[in-house]
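Raw input-v2.cif, mmCIF, C-alpha atoms and all ligand atoms:
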```cif
data_query
#
loop_
_atom_site.group_PDB
_atom_site.id
_atom_site.type_symbol
_atom_site.label_atom_id
_atom_site.label_comp_id
_atom_site.auth_asym_id
_atom_site.auth_seq_id
_atom_site.Cartn_x
_atom_site.Cartn_y
_atom_site.Cartn_z
ATOM 1 C CA MET S 1 -50.420 -35.003 346.198
ATOM 2 C CA SER S 2 -47.842 -34.600 348.945
ATOM 3 C CA GLU S 3 -46.757 -30.999 349.399
ATOM 4 C CA ASP S 4 -43.125 -32.154 349.376
ATOM 5 C CA PRO S 5 -41.564 -32.189 345.935
ATOM 6 C CA GLU S 6 -40.820 -35.633 344.547
ATOM 7 C CA PRO S 7 -37.265 -36.631 345.495
ATOM 8 C CA ALA S 8 -34.739 -37.109 342.715
ATOM 9 C CA ARG S 9 -34.529 -40.840 343.397
ATOM 10 C CA ASN S 10 -37.456 -43.015 344.394
ATOM 11 C CA ILE S 11 -39.245 -46.034 343.064
ATOM 12 C CA SER S 12 -41.129 -43.981 340.476
ATOM 13 C CA GLY S 13 -37.815 -42.774 339.064
ATOM 14 C CA GLY S 14 -37.981 -39.162 340.228
ATOM 15 C CA ALA S 15 -38.088 -36.579 337.451
ATOM 16 C CA ALA S 16 -36.164 -39.032 335.226
ATOM 17 C CA GLY S 17 -39.039 -41.508 335.567
ATOM 18 C CA GLY S 18 -41.057 -39.529 333.055
ATOM 19 C CA GLY S 19 -44.664 -38.382 333.295
ATOM 20 C CA SER S 20 -45.859 -35.530 335.449
ATOM 21 C CA ALA S 21 -47.452 -34.786 338.803
ATOM 22 C CA ALA S 22 -51.118 -35.728 339.184
ATOM 23 C CA GLU S 23 -53.775 -35.161 341.815
ATOM 24 C CA PHE S 24 -56.364 -37.679 342.924
ATOM 25 C CA ASP S 25 -59.449 -36.927 344.969
ATOM 26 C CA PRO S 26 -59.728 -39.493 347.808
ATOM 27 C CA GLU S 27 -63.351 -38.515 348.443
ATOM 28 C CA THR S 28 -64.631 -40.016 345.206
ATOM 29 C CA ALA S 29 -63.370 -43.615 345.306
ATOM 30 C CA GLY S 30 -65.940 -45.930 343.733
ATOM 31 C CA THR S 31 -64.330 -49.237 344.745
ATOM 32 C CA ARG S 32 -62.160 -50.467 347.611
ATOM 33 C CA ALA S 33 -59.258 -50.980 345.179
ATOM 34 C CA GLU S 34 -59.540 -47.320 344.178
ATOM 35 C CA ALA S 35 -59.671 -46.302 347.847
ATOM 36 C CA VAL S 36 -56.439 -48.299 348.362
ATOM 37 C CA VAL S 37 -54.733 -46.401 345.522
ATOM 38 C CA ASP S 38 -56.026 -43.095 346.912
ATOM 39 C CA ARG S 39 -54.617 -44.015 350.336
ATOM 40 C CA LEU S 40 -51.278 -44.776 348.673
ATOM 41 C CA GLY S 41 -51.533 -41.281 347.202
ATOM 42 C CA GLU S 42 -51.491 -39.902 350.741
ATOM 43 C CA LEU S 43 -48.204 -41.763 351.359
ATOM 44 C CA TYR S 44 -46.322 -41.258 348.082
ATOM 45 C CA TRP S 45 -45.961 -38.828 345.173
ATOM 46 C CA THR S 46 -48.897 -39.132 342.803
ATOM 47 C CA LYS S 47 -47.999 -38.893 339.142
ATOM 48 C CA THR S 48 -48.646 -40.127 335.651
ATOM 49 C CA TYR S 49 -46.042 -41.984 333.579
ATOM 50 C CA GLY S 50 -44.682 -42.125 330.061
ATOM 51 C CA GLY S 51 -41.841 -40.623 328.113
ATOM 52 C CA ARG S 52 -39.144 -43.207 328.704
ATOM 53 C CA ASP S 53 -37.494 -44.787 325.679
ATOM 54 C CA ALA S 54 -39.201 -48.114 324.875
ATOM 55 C CA LEU S 55 -36.084 -50.106 324.009
ATOM 56 C CA GLU S 56 -34.273 -48.775 327.074
ATOM 57 C CA CYS S 57 -37.300 -49.876 329.145
ATOM 58 C CA LEU S 58 -36.967 -53.372 327.699
ATOM 59 C CA VAL S 59 -33.224 -53.386 328.377
ATOM 60 C CA ARG S 60 -33.830 -52.298 331.971
ATOM 61 C CA THR S 61 -36.402 -54.999 332.650
ATOM 62 C CA VAL S 62 -34.278 -57.765 331.086
ATOM 63 C CA LEU S 63 -31.326 -56.685 333.242
ATOM 64 C CA SER S 64 -33.506 -56.636 336.365
ATOM 65 C CA GLN S 65 -34.790 -60.197 335.937
ATOM 66 C CA ASN S 66 -33.818 -62.450 338.855
ATOM 67 C CA THR S 67 -31.841 -59.740 340.607
ATOM 68 C CA SER S 68 -32.219 -56.572 342.683
ATOM 69 C CA ASP S 69 -32.337 -52.985 341.432
ATOM 70 C CA LYS S 70 -29.079 -52.455 343.289
ATOM 71 C CA ALA S 71 -27.357 -55.068 341.120
ATOM 72 C CA SER S 72 -29.035 -54.221 337.815
ATOM 73 C CA GLN S 73 -28.608 -50.432 337.949
ATOM 74 C CA PRO S 74 -24.788 -50.434 337.463
ATOM 75 C CA ALA S 75 -25.211 -52.927 334.592
ATOM 76 C CA HIS S 76 -27.808 -50.637 332.975
ATOM 77 C CA ASP S 77 -25.573 -47.581 333.410
ATOM 78 C CA ALA S 78 -22.526 -49.378 331.956
ATOM 79 C CA LEU S 79 -24.570 -50.646 328.997
ATOM 80 C CA MET S 80 -25.921 -47.177 328.214
ATOM 81 C CA GLU S 81 -22.480 -45.632 328.579
ATOM 82 C CA ARG S 82 -21.106 -48.017 325.986
ATOM 83 C CA TYR S 83 -23.992 -48.539 323.549
ATOM 84 C CA ALA S 84 -26.351 -45.529 323.733
ATOM 85 C CA PRO S 85 -25.996 -42.779 321.118
ATOM 86 C CA GLY S 86 -22.827 -40.866 321.944
ATOM 87 C CA GLY S 87 -21.466 -43.796 323.968
ATOM 88 C CA GLU S 88 -18.133 -45.583 323.585
ATOM 89 C CA ALA S 89 -19.477 -48.022 320.975
ATOM 90 C CA ASP S 90 -21.132 -45.265 318.982
ATOM 91 C CA GLU S 91 -18.058 -44.754 316.831
ATOM 92 C CA GLU S 92 -18.991 -47.815 314.830
ATOM 93 C CA ASP S 93 -21.408 -47.286 311.985
ATOM 94 C CA ASP S 94 -24.730 -47.785 313.754
ATOM 95 C CA GLY S 95 -26.274 -44.433 312.957
ATOM 96 C CA GLY S 96 -26.397 -43.395 316.625
ATOM 97 C CA ASP S 97 -29.154 -45.885 317.391
ATOM 98 C CA LEU S 98 -29.361 -48.069 320.506
ATOM 99 C CA ALA S 99 -31.099 -50.914 318.642
ATOM 100 C CA ALA S 100 -28.383 -50.994 315.975
ATOM 101 C CA ALA S 101 -25.563 -50.740 318.508
ATOM 102 C CA LEU S 102 -26.940 -53.653 320.569
ATOM 103 C CA ALA S 103 -27.899 -55.761 317.540
ATOM 104 C CA GLU S 104 -24.312 -55.526 316.311
ATOM 105 C CA ALA S 105 -22.688 -55.856 319.731
ATOM 106 C CA ASP S 106 -20.070 -58.512 320.333
ATOM 107 C CA GLN S 107 -21.856 -60.903 322.720
ATOM 108 C CA SER S 108 -18.907 -61.474 325.052
ATOM 109 C CA THR S 109 -18.213 -57.713 325.321
ATOM 110 C CA LEU S 110 -21.879 -57.014 326.085
ATOM 111 C CA ALA S 111 -21.916 -59.857 328.646
ATOM 112 C CA GLU S 112 -18.847 -58.397 330.358
ATOM 113 C CA THR S 113 -20.463 -54.922 330.360
ATOM 114 C CA ILE S 114 -23.587 -56.148 332.144
ATOM 115 C CA ARG S 115 -21.831 -58.623 334.470
ATOM 116 C CA PRO S 116 -23.116 -56.972 337.744
ATOM 117 C CA ALA S 117 -26.717 -57.930 336.783
ATOM 118 C CA GLY S 118 -25.941 -61.675 336.953
ATOM 119 C CA LEU S 119 -26.920 -64.289 334.316
ATOM 120 C CA TYR S 120 -24.949 -62.020 332.005
ATOM 121 C CA ASN S 121 -24.408 -64.532 329.183
ATOM 122 C CA GLN S 122 -28.099 -65.319 328.916
ATOM 123 C CA LYS S 123 -29.148 -61.686 329.321
ATOM 124 C CA SER S 124 -26.669 -60.484 326.687
ATOM 125 C CA GLU S 125 -28.053 -63.030 324.203
ATOM 126 C CA THR S 126 -31.617 -61.909 324.987
ATOM 127 C CA LEU S 127 -30.706 -58.230 324.515
ATOM 128 C CA ILE S 128 -29.014 -58.864 321.172
ATOM 129 C CA ALA S 129 -31.981 -60.934 319.939
ATOM 130 C CA LEU S 130 -34.492 -58.260 321.078
ATOM 131 C CA SER S 131 -32.503 -55.480 319.422
ATOM 132 C CA LYS S 132 -32.193 -57.430 316.166
ATOM 133 C CA ARG S 133 -35.945 -57.913 316.108
ATOM 134 C CA VAL S 134 -36.621 -54.237 316.842
ATOM 135 C CA LEU S 135 -34.227 -53.272 314.059
ATOM 136 C CA GLU S 136 -35.687 -55.736 311.529
ATOM 137 C CA GLU S 137 -39.328 -54.864 312.229
ATOM 138 C CA TYR S 138 -39.183 -51.128 312.969
ATOM 139 C CA GLY S 139 -35.854 -49.952 311.548
ATOM 140 C CA SER S 140 -34.698 -48.040 314.630
ATOM 141 C CA ALA S 141 -35.182 -47.633 318.381
ATOM 142 C CA ALA S 142 -37.051 -44.364 317.720
ATOM 143 C CA ALA S 143 -39.541 -46.024 315.354
ATOM 144 C CA PHE S 144 -40.122 -48.802 317.901
ATOM 145 C CA ASP S 145 -40.720 -46.145 320.536
ATOM 146 C CA GLU S 146 -43.353 -44.528 318.324
ATOM 147 C CA PHE S 147 -45.076 -47.899 317.840
ATOM 148 C CA VAL S 148 -45.230 -48.407 321.640
ATOM 149 C CA ARG S 149 -46.653 -44.904 322.158
ATOM 150 C CA GLU S 150 -49.177 -44.863 319.352
ATOM 151 C CA ALA S 151 -50.367 -48.310 318.261
ATOM 152 C CA ASP S 152 -53.389 -50.019 319.767
ATOM 153 C CA PRO S 153 -52.325 -51.017 323.343
ATOM 154 C CA GLU S 154 -53.469 -54.636 322.981
ATOM 155 C CA THR S 155 -51.492 -54.979 319.732
ATOM 156 C CA VAL S 156 -48.427 -53.510 321.431
ATOM 157 C CA ARG S 157 -48.841 -55.889 324.380
ATOM 158 C CA GLU S 158 -49.156 -58.934 322.150
ATOM 159 C CA THR S 159 -46.210 -57.854 319.995
ATOM 160 C CA LEU S 160 -43.989 -57.333 323.020
ATOM 161 C CA MET S 161 -44.990 -60.656 324.583
ATOM 162 C CA ASP S 162 -44.087 -62.405 321.351
ATOM 163 C CA MET S 163 -40.480 -61.240 321.839
ATOM 164 C CA SER S 164 -38.049 -63.607 323.492
ATOM 165 C CA GLY S 165 -37.592 -62.918 327.217
ATOM 166 C CA VAL S 166 -40.653 -60.617 327.488
ATOM 167 C CA GLY S 167 -43.516 -61.684 329.769
ATOM 168 C CA PRO S 168 -46.748 -59.883 330.680
ATOM 169 C CA LYS S 169 -45.193 -57.777 333.441
ATOM 170 C CA THR S 170 -42.391 -56.519 331.206
ATOM 171 C CA ALA S 171 -44.847 -55.773 328.398
ATOM 172 C CA ASP S 172 -47.084 -53.818 330.786
ATOM 173 C CA CYS S 173 -44.132 -51.876 332.216
ATOM 174 C CA VAL S 174 -43.081 -50.837 328.702
ATOM 175 C CA LEU S 175 -46.676 -49.798 327.890
ATOM 176 C CA LEU S 176 -46.788 -47.753 331.080
ATOM 177 C CA PHE S 177 -43.339 -46.194 331.417
ATOM 178 C CA ALA S 178 -42.591 -45.704 327.711
ATOM 179 C CA GLY S 179 -46.050 -45.590 326.149
ATOM 180 C CA GLY S 180 -47.607 -43.557 328.966
ATOM 181 C CA ARG S 181 -50.738 -45.662 328.521
ATOM 182 C CA GLU S 182 -53.480 -45.267 331.094
ATOM 183 C CA GLY S 183 -55.383 -48.287 332.376
ATOM 184 C CA VAL S 184 -52.261 -50.493 332.607
ATOM 185 C CA PHE S 185 -51.562 -51.924 336.086
ATOM 186 C CA PRO S 186 -48.428 -54.110 335.829
ATOM 187 C CA VAL S 187 -48.400 -56.889 338.425
ATOM 188 C CA ASP S 188 -45.091 -57.860 339.996
ATOM 189 C CA THR S 189 -44.568 -60.040 343.055
ATOM 190 C CA HIS S 190 -45.431 -57.197 345.489
ATOM 191 C CA VAL S 191 -48.647 -56.198 343.704
ATOM 192 C CA HIS S 192 -49.655 -59.857 343.386
ATOM 193 C CA ARG S 193 -49.227 -60.431 347.122
ATOM 194 C CA ILE S 194 -50.707 -57.179 348.419
ATOM 195 C CA ALA S 195 -53.844 -57.069 346.241
ATOM 196 C CA ARG S 196 -54.786 -60.595 347.362
ATOM 197 C CA ARG S 197 -53.979 -59.905 351.047
ATOM 198 C CA LEU S 198 -56.097 -56.771 350.934
ATOM 199 C CA GLY S 199 -58.929 -58.764 349.386
ATOM 200 C CA VAL S 200 -59.232 -56.517 346.302
ATOM 201 C CA ALA S 201 -58.341 -59.466 344.037
ATOM 202 C CA PRO S 202 -59.329 -63.138 344.423
ATOM 203 C CA ALA S 203 -57.018 -64.973 346.846
ATOM 204 C CA ASP S 204 -56.169 -67.657 344.281
ATOM 205 C CA ALA S 205 -55.716 -65.309 341.287
ATOM 206 C CA ASP S 206 -52.512 -65.594 339.267
ATOM 207 C CA HIS S 207 -50.664 -62.470 338.042
ATOM 208 C CA GLU S 208 -53.005 -62.037 335.076
ATOM 209 C CA GLY S 209 -56.064 -62.490 337.333
ATOM 210 C CA VAL S 210 -54.837 -59.799 339.717
ATOM 211 C CA ARG S 211 -54.093 -57.467 336.795
ATOM 212 C CA ALA S 212 -57.612 -57.950 335.414
ATOM 213 C CA ALA S 213 -59.216 -57.323 338.839
ATOM 214 C CA LEU S 214 -57.217 -54.142 339.421
ATOM 215 C CA GLU S 215 -57.686 -52.775 335.906
ATOM 216 C CA ARG S 216 -61.451 -53.303 336.297
ATOM 217 C CA ALA S 217 -61.695 -51.606 339.684
ATOM 218 C CA VAL S 218 -59.166 -48.759 339.458
ATOM 219 C CA PRO S 219 -59.802 -45.771 337.145
ATOM 220 C CA GLU S 220 -57.427 -45.715 334.170
ATOM 221 C CA ALA S 221 -55.557 -42.570 335.211
ATOM 222 C CA LYS S 222 -54.656 -44.069 338.613
ATOM 223 C CA CYS S 223 -53.350 -47.479 337.461
ATOM 224 C CA GLY S 224 -49.728 -46.496 336.770
ATOM 225 C CA PHE S 225 -49.331 -44.722 340.089
ATOM 226 C CA GLY S 226 -51.067 -47.671 341.814
ATOM 227 C CA HIS S 227 -48.396 -50.000 340.418
ATOM 228 C CA THR S 228 -45.329 -48.078 341.572
ATOM 229 C CA ALA S 229 -46.872 -47.041 344.895
ATOM 230 C CA MET S 230 -47.956 -50.589 345.724
ATOM 231 C CA ILE S 231 -44.393 -51.823 345.174
ATOM 232 C CA GLN S 232 -43.061 -49.151 347.520
ATOM 233 C CA PHE S 233 -45.787 -50.012 350.047
ATOM 234 C CA GLY S 234 -44.785 -53.699 349.799
ATOM 235 C CA ARG S 235 -41.200 -52.859 350.655
ATOM 236 C CA GLU S 236 -42.078 -50.546 353.528
ATOM 237 C CA TYR S 237 -45.210 -52.040 355.092
ATOM 238 C CA CYS S 238 -46.804 -55.130 353.590
ATOM 239 C CA ARG S 239 -43.615 -57.184 353.366
ATOM 240 C CA ALA S 240 -43.778 -60.809 352.222
ATOM 241 C CA ARG S 241 -42.842 -62.531 355.493
ATOM 242 C CA LYS S 242 -43.318 -59.719 357.965
ATOM 243 C CA PRO S 243 -46.265 -57.431 357.207
ATOM 244 C CA ALA S 244 -46.267 -54.366 359.469
ATOM 245 C CA CYS S 245 -49.594 -55.343 361.092
ATOM 246 C CA LEU S 246 -48.129 -58.551 362.484
ATOM 247 C CA ASP S 247 -46.235 -56.890 365.345
ATOM 248 C CA ASP S 248 -48.521 -53.914 365.698
ATOM 249 C CA PRO S 249 -52.045 -53.944 364.189
ATOM 250 C CA GLU S 250 -51.982 -50.131 364.115
ATOM 251 C CA ALA S 251 -48.670 -49.841 362.289
ATOM 252 C CA CYS S 252 -50.169 -50.168 358.812
ATOM 253 C CA PRO S 253 -51.903 -47.133 357.263
ATOM 254 C CA MET S 254 -53.992 -49.480 355.093
ATOM 255 C CA ALA S 255 -55.381 -51.626 357.950
ATOM 256 C CA ASP S 256 -58.973 -50.307 357.786
ATOM 257 C CA LEU S 257 -59.171 -51.225 354.082
ATOM 258 C CA CYS S 258 -57.549 -54.664 354.427
ATOM 259 C CA ASP S 259 -58.970 -58.195 354.795
ATOM 260 C CA GLN S 260 -55.520 -59.508 355.874
ATOM 261 C CA VAL S 261 -56.015 -62.692 353.860
ATOM 262 C CA GLY S 262 -53.330 -65.188 354.890
ATOM 263 C CA VAL S 263 -52.144 -63.072 357.850
ATOM 264 C CA ASP S 264 -53.087 -64.494 361.248
ATOM 265 C CA LEU S 265 -52.482 -61.866 363.927
ATOM 266 C CA GLU S 266 -53.233 -64.283 366.779
ATOM 267 C CA SER S 267 -50.757 -66.981 365.855
ATOM 268 C CA GLY S 268 -48.364 -64.607 364.055
ATOM 269 C CA SER S 269 -48.340 -66.834 360.980
ATOM 270 C CA VAL S 270 -48.221 -65.586 357.390
ATOM 271 C CA VAL S 271 -49.154 -67.743 354.390
ATOM 272 C CA ASP S 272 -49.821 -66.979 350.747
ATOM 273 C CA PRO S 273 -53.476 -65.880 350.368
ATOM 274 C CA ALA S 274 -54.024 -68.764 347.915
ATOM 275 C CA ASP S 275 -53.032 -71.268 350.623
ATOM 276 C CA ARG S 276 -55.447 -69.647 353.029
ATOM 277 C CA ALA S 277 -58.200 -69.856 350.397
ATOM 278 C CA SER S 278 -57.640 -73.589 349.829
ATOM 279 C CA ASP S 279 -57.590 -74.242 353.613
ATOM 280 C CA ASP S 280 -60.958 -72.453 353.942
ATOM 281 C CA ALA S 281 -62.391 -74.526 351.100
ATOM 282 C CA ARG S 282 -61.309 -77.779 352.793
ATOM 283 C CA SER S 283 -62.722 -76.885 356.229
HETATM 284 S S1 LIG S 301 -52.922 -54.573 357.301
HETATM 285 FE FE1 LIG S 301 -51.218 -56.038 357.151
HETATM 286 S S2 LIG S 301 -51.766 -57.393 355.452
HETATM 287 FE FE2 LIG S 301 -53.035 -55.550 355.267
HETATM 288 S S3 LIG S 301 -51.906 -54.164 353.929
HETATM 289 FE FE3 LIG S 301 -51.312 -53.656 356.019
HETATM 290 S S4 LIG S 301 -49.461 -54.839 356.410
HETATM 291 FE FE4 LIG S 301 -50.495 -55.746 354.613
#
```
Represent the supplied structure as structure tokens.
Amino acid sequence: MSEDPEPARNISGGAAGGGSAAEFDPETAGTRAEAVVDRLGELYWTKTYGGRDALECLVRTVLSQNTSDKASQPAHDALMERYAPGGEADEEDDGGDLAAALAEADQSTLAETIRPAGLYNQKSETLIALSKRVLEEYGSAAAFDEFVREADPETVRETLMDMSGVGPKTADCVLLFAGGREGVFPVDTHVHRIARRLGVAPADADHEGVRAALERAVPEAKCGFGHTAMIQFGREYCRARKPACLDDPEACPMADLCDQVGVDLESGSVVDPADRASDDARS
């Protein structure tokens, strides 16, 4: 782990992101994917996850759909200020429970509250429907949280994915950040791109294929950190259109572990690894 303390705000959520510091030994990597995660551990703060509230995790991911963190964060903060226990809407008889407060929320008021996140009508309807389901099936946000932390992970995943507006990535993020489950490597657009460029997942794999490849090759305790660190790495180095190696082959700290699938240093072109794979098959 870096000797610097984790900053209050970073992609892993700082201290508020839950979990605790962890140490990985880069000397013992058994696969290239594990070596990649260990290398990320030399760049970023290694930690485990868990401890966030499950319903709040769901709320956060719904708000972040089709928008940036910069836009969804104020919407999340305004929603929590109004509907979380102790918030403005807590005076109504909801027993100080986020699920109850959102299930009973007036849709237009909720939509107005989350306006900065965009698609606010649709997102407010999704949040009310999710909260109603949580309330009907578990009775409270706290009981839902316990289910996410303690039930069989595959059951939790399937249950979450059966909820309206929840896909595999959201389900995995809830399992990781709220449930603190090891062995879960959520795949977002950055992880999907980088794992295939590196050559640690098949070039034509979809999100589920990349998740399966990473969860097979990376030890359980390192998966959560691998997810957040790979996103940060995608923003700083292995960017979608302009990977760091394109201008300067030595600029990327991962270069010696990377197959650069879809990145042509000679011509300066960048294509999706799947397109490169289908070109190779044709030639
Ligand atoms: S060498 Fe290039 S393609 Fe590979 S991880 Fe680094 S920036 Fe991405």
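Distance-wise, atom CA of S:Ser269 and atom CA of S:Asp69 end up 28.8 Å apart.
Going from atom CA of S:Thr170 over to atom CA of S:Val59, you cover 10.1 Å.
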Kindly provide, as a PDB file with C-alpha atoms, in the frame of the given file, all nucleotide and amino acid residues lying within 10 Å of ligand LIG 301 (chain S), counting only C-alpha atoms and all ligand atoms.
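Now in pocket.pdb:
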```pdb
ATOM      1  CA  VAL S  36     -56.439 -48.299 348.362  1.00  0.00           C
ATOM      2  CA  ARG S 193     -49.227 -60.431 347.122  1.00  0.00           C
ATOM      3  CA  ILE S 194     -50.707 -57.179 348.419  1.00  0.00           C
ATOM      4  CA  ALA S 195     -53.844 -57.069 346.241  1.00  0.00           C
ATOM      5  CA  ARG S 196     -54.786 -60.595 347.362  1.00  0.00           C
ATOM      6  CA  ARG S 197     -53.979 -59.905 351.047  1.00  0.00           C
ATOM      7  CA  LEU S 198     -56.097 -56.771 350.934  1.00  0.00           C
ATOM      8  CA  GLY S 199     -58.929 -58.764 349.386  1.00  0.00           C
ATOM      9  CA  MET S 230     -47.956 -50.589 345.724  1.00  0.00           C
ATOM     10  CA  PHE S 233     -45.787 -50.012 350.047  1.00  0.00           C
ATOM     11  CA  GLY S 234     -44.785 -53.699 349.799  1.00  0.00           C
ATOM     12  CA  GLU S 236     -42.078 -50.546 353.528  1.00  0.00           C
ATOM     13  CA  TYR S 237     -45.210 -52.040 355.092  1.00  0.00           C
ATOM     14  CA  CYS S 238     -46.804 -55.130 353.590  1.00  0.00           C
ATOM     15  CA  ARG S 239     -43.615 -57.184 353.366  1.00  0.00           C
ATOM     16  CA  ALA S 240     -43.778 -60.809 352.222  1.00  0.00           C
ATOM     17  CA  LYS S 242     -43.318 -59.719 357.965  1.00  0.00           C
ATOM     18  CA  PRO S 243     -46.265 -57.431 357.207  1.00  0.00           C
ATOM     19  CA  ALA S 244     -46.267 -54.366 359.469  1.00  0.00           C
ATOM     20  CA  CYS S 245     -49.594 -55.343 361.092  1.00  0.00           C
ATOM     21  CA  LEU S 246     -48.129 -58.551 362.484  1.00  0.00           C
ATOM     22  CA  ASP S 247     -46.235 -56.890 365.345  1.00  0.00           C
ATOM     23  CA  ASP S 248     -48.521 -53.914 365.698  1.00  0.00           C
ATOM     24  CA  PRO S 249     -52.045 -53.944 364.189  1.00  0.00           C
ATOM     25  CA  GLU S 250     -51.982 -50.131 364.115  1.00  0.00           C
ATOM     26  CA  ALA S 251     -48.670 -49.841 362.289  1.00  0.00           C
ATOM     27  CA  CYS S 252     -50.169 -50.168 358.812  1.00  0.00           C
ATOM     28  CA  PRO S 253     -51.903 -47.133 357.263  1.00  0.00           C
ATOM     29  CA  MET S 254     -53.992 -49.480 355.093  1.00  0.00           C
ATOM     30  CA  ALA S 255     -55.381 -51.626 357.950  1.00  0.00           C
ATOM     31  CA  ASP S 256     -58.973 -50.307 357.786  1.00  0.00           C
ATOM     32  CA  LEU S 257     -59.171 -51.225 354.082  1.00  0.00           C
ATOM     33  CA  CYS S 258     -57.549 -54.664 354.427  1.00  0.00           C
ATOM     34  CA  ASP S 259     -58.970 -58.195 354.795  1.00  0.00           C
ATOM     35  CA  GLN S 260     -55.520 -59.508 355.874  1.00  0.00           C
ATOM     36  CA  VAL S 261     -56.015 -62.692 353.860  1.00  0.00           C
ATOM     37  CA  GLY S 262     -53.330 -65.188 354.890  1.00  0.00           C
ATOM     38  CA  VAL S 263     -52.144 -63.072 357.850  1.00  0.00           C
ATOM     39  CA  ASP S 264     -53.087 -64.494 361.248  1.00  0.00           C
ATOM     40  CA  LEU S 265     -52.482 -61.866 363.927  1.00  0.00           C
ATOM     41  CA  VAL S 270     -48.221 -65.586 357.390  1.00  0.00           C
TER      42      VAL S 270
END
```
Pick from S:Glu154, S:Asp38, S:Asp106, S:Asp97, whichever lies nearest to S:Gly183 using only C-alpha atoms: S:Glu154
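Near S:Leu102, within a cut-off of 9 Å and counting all atoms listed in the file, sit the residues Tyr83, Ala84, Asp97, Leu98, Ala99, Ala105, Asp106, Leu110, Leu127, Ile128, Ala129, Leu130, Ser131 and Lys132 of chain S, with same-chain residues fewer than 3 positions away left out.
Applied to the shown file, the PyMOL selection byres (((chain S and resi 211) around 9) and not hetatm) selects the residues Val184, Phe185, Pro186, Val187, Val191, His192, Ala201, Asp206, His207, Glu208, Gly209, Val210, Ala212, Ala213, Leu214, Glu215 and Arg216 of chain S.
Shortest separation to S:Ala117 among S:Asp204, S:Glu56, S:Glu34, S:Asp77 occurs at residue S:Asp77, atoms counted being only C-alpha atoms.
When the PyMOL selection byres (((chain S and resi 273) around 6) and not hetatm) is evaluated against the file, it yields Ala203, Val261, Gly262, Asp272, Ala274, Asp275 and Arg276 of chain S.
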Dump C-alpha atoms for the selected residues as a short mmCIF file (atom, residue, chain, number, x, y, z; two decimals), in the frame of the given file?
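Below is the file again39.cif, written as the result:
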```cif
data_model
loop_
_atom_site.label_atom_id
_atom_site.label_comp_id
_atom_site.auth_asym_id
_atom_site.auth_seq_id
_atom_site.Cartn_x
_atom_site.Cartn_y
_atom_site.Cartn_z
CA ALA S 203 -57.02 -64.97 346.85
CA VAL S 261 -56.02 -62.69 353.86
CA GLY S 262 -53.33 -65.19 354.89
CA ASP S 272 -49.82 -66.98 350.75
CA ALA S 274 -54.02 -68.76 347.92
CA ASP S 275 -53.03 -71.27 350.62
CA ARG S 276 -55.45 -69.65 353.03
#
```
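With all atoms listed in the file as the atoms that count, the minimum distance from S:Val148 to the choices S:Leu79, S:Cys57, S:Ala100, S:Val218 is reached by S:Cys57.
Straight-line separation from atom CA of S:Tyr49 to atom CA of S:Gly224: 6.6 Å.
With distances restricted to only C-alpha atoms, S:Leu175 is the closest residue to S:Glu158 from S:Leu175, S:Leu63, S:His227, S:Glu81.
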For the file shown, what are the residues hit by the PyMOL selection byres (((chain S and resi 156) around 12) and not hetatm), laid out as a VMD selection string? chain S and resid 54 144 to 155 157 to 163 168 170 to 176 178 to 179 181
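Nearest to S:Gly226 of all the residues S:His190, S:Arg241, S:Gly96, S:Gly139 is S:His190, based on all atoms listed in the file.
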Just so I have it separately, write stretch 182-191 of chain S from the block I sent, keeping N, CA and C atoms, as a PDB file, in the first residue's frame.
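result.pdb, freshly written:
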```
ATOM      1  N   GLU S 182     -16.209 -10.501  -1.214  1.00  0.00           N
ATOM      2  CA  GLU S 182     -14.977 -10.708  -1.970  1.00  0.00           C
ATOM      3  C   GLU S 182     -15.314 -11.475  -3.242  1.00  0.00           C
ATOM      4  N   GLY S 183     -14.413 -11.436  -4.214  1.00  0.00           N
ATOM      5  CA  GLY S 183     -14.616 -12.205  -5.437  1.00  0.00           C
ATOM      6  C   GLY S 183     -15.581 -11.561  -6.417  1.00  0.00           C
ATOM      7  N   VAL S 184     -15.985 -10.308  -6.173  1.00  0.00           N
ATOM      8  CA  VAL S 184     -16.896  -9.609  -7.088  1.00  0.00           C
ATOM      9  C   VAL S 184     -16.102  -8.522  -7.805  1.00  0.00           C
ATOM     10  N   PHE S 185     -16.039  -8.578  -9.129  1.00  0.00           N
ATOM     11  CA  PHE S 185     -15.271  -7.623  -9.927  1.00  0.00           C
ATOM     12  C   PHE S 185     -16.240  -6.947 -10.892  1.00  0.00           C
ATOM     13  N   PRO S 186     -16.953  -5.880 -10.431  1.00  0.00           N
ATOM     14  CA  PRO S 186     -17.915  -5.230 -11.324  1.00  0.00           C
ATOM     15  C   PRO S 186     -17.220  -4.700 -12.580  1.00  0.00           C
ATOM     16  N   VAL S 187     -17.904  -4.825 -13.716  1.00  0.00           N
ATOM     17  CA  VAL S 187     -17.308  -4.400 -14.986  1.00  0.00           C
ATOM     18  C   VAL S 187     -18.093  -3.221 -15.551  1.00  0.00           C
ATOM     19  N   ASP S 188     -17.461  -2.059 -15.551  1.00  0.00           N
ATOM     20  CA  ASP S 188     -18.066  -0.888 -16.191  1.00  0.00           C
ATOM     21  C   ASP S 188     -17.354  -0.686 -17.530  1.00  0.00           C
ATOM     22  N   THR S 189     -17.609   0.438 -18.163  1.00  0.00           N
ATOM     23  CA  THR S 189     -17.040   0.661 -19.498  1.00  0.00           C
ATOM     24  C   THR S 189     -15.508   0.712 -19.479  1.00  0.00           C
ATOM     25  N   HIS S 190     -14.916   1.269 -18.396  1.00  0.00           N
ATOM     26  CA  HIS S 190     -13.449   1.332 -18.311  1.00  0.00           C
ATOM     27  C   HIS S 190     -12.852  -0.070 -18.156  1.00  0.00           C
ATOM     28  N   VAL S 191     -13.412  -0.841 -17.219  1.00  0.00           N
ATOM     29  CA  VAL S 191     -12.882  -2.189 -16.966  1.00  0.00           C
ATOM     30  C   VAL S 191     -13.040  -3.051 -18.223  1.00  0.00           C
TER      31      VAL S 191
END
```
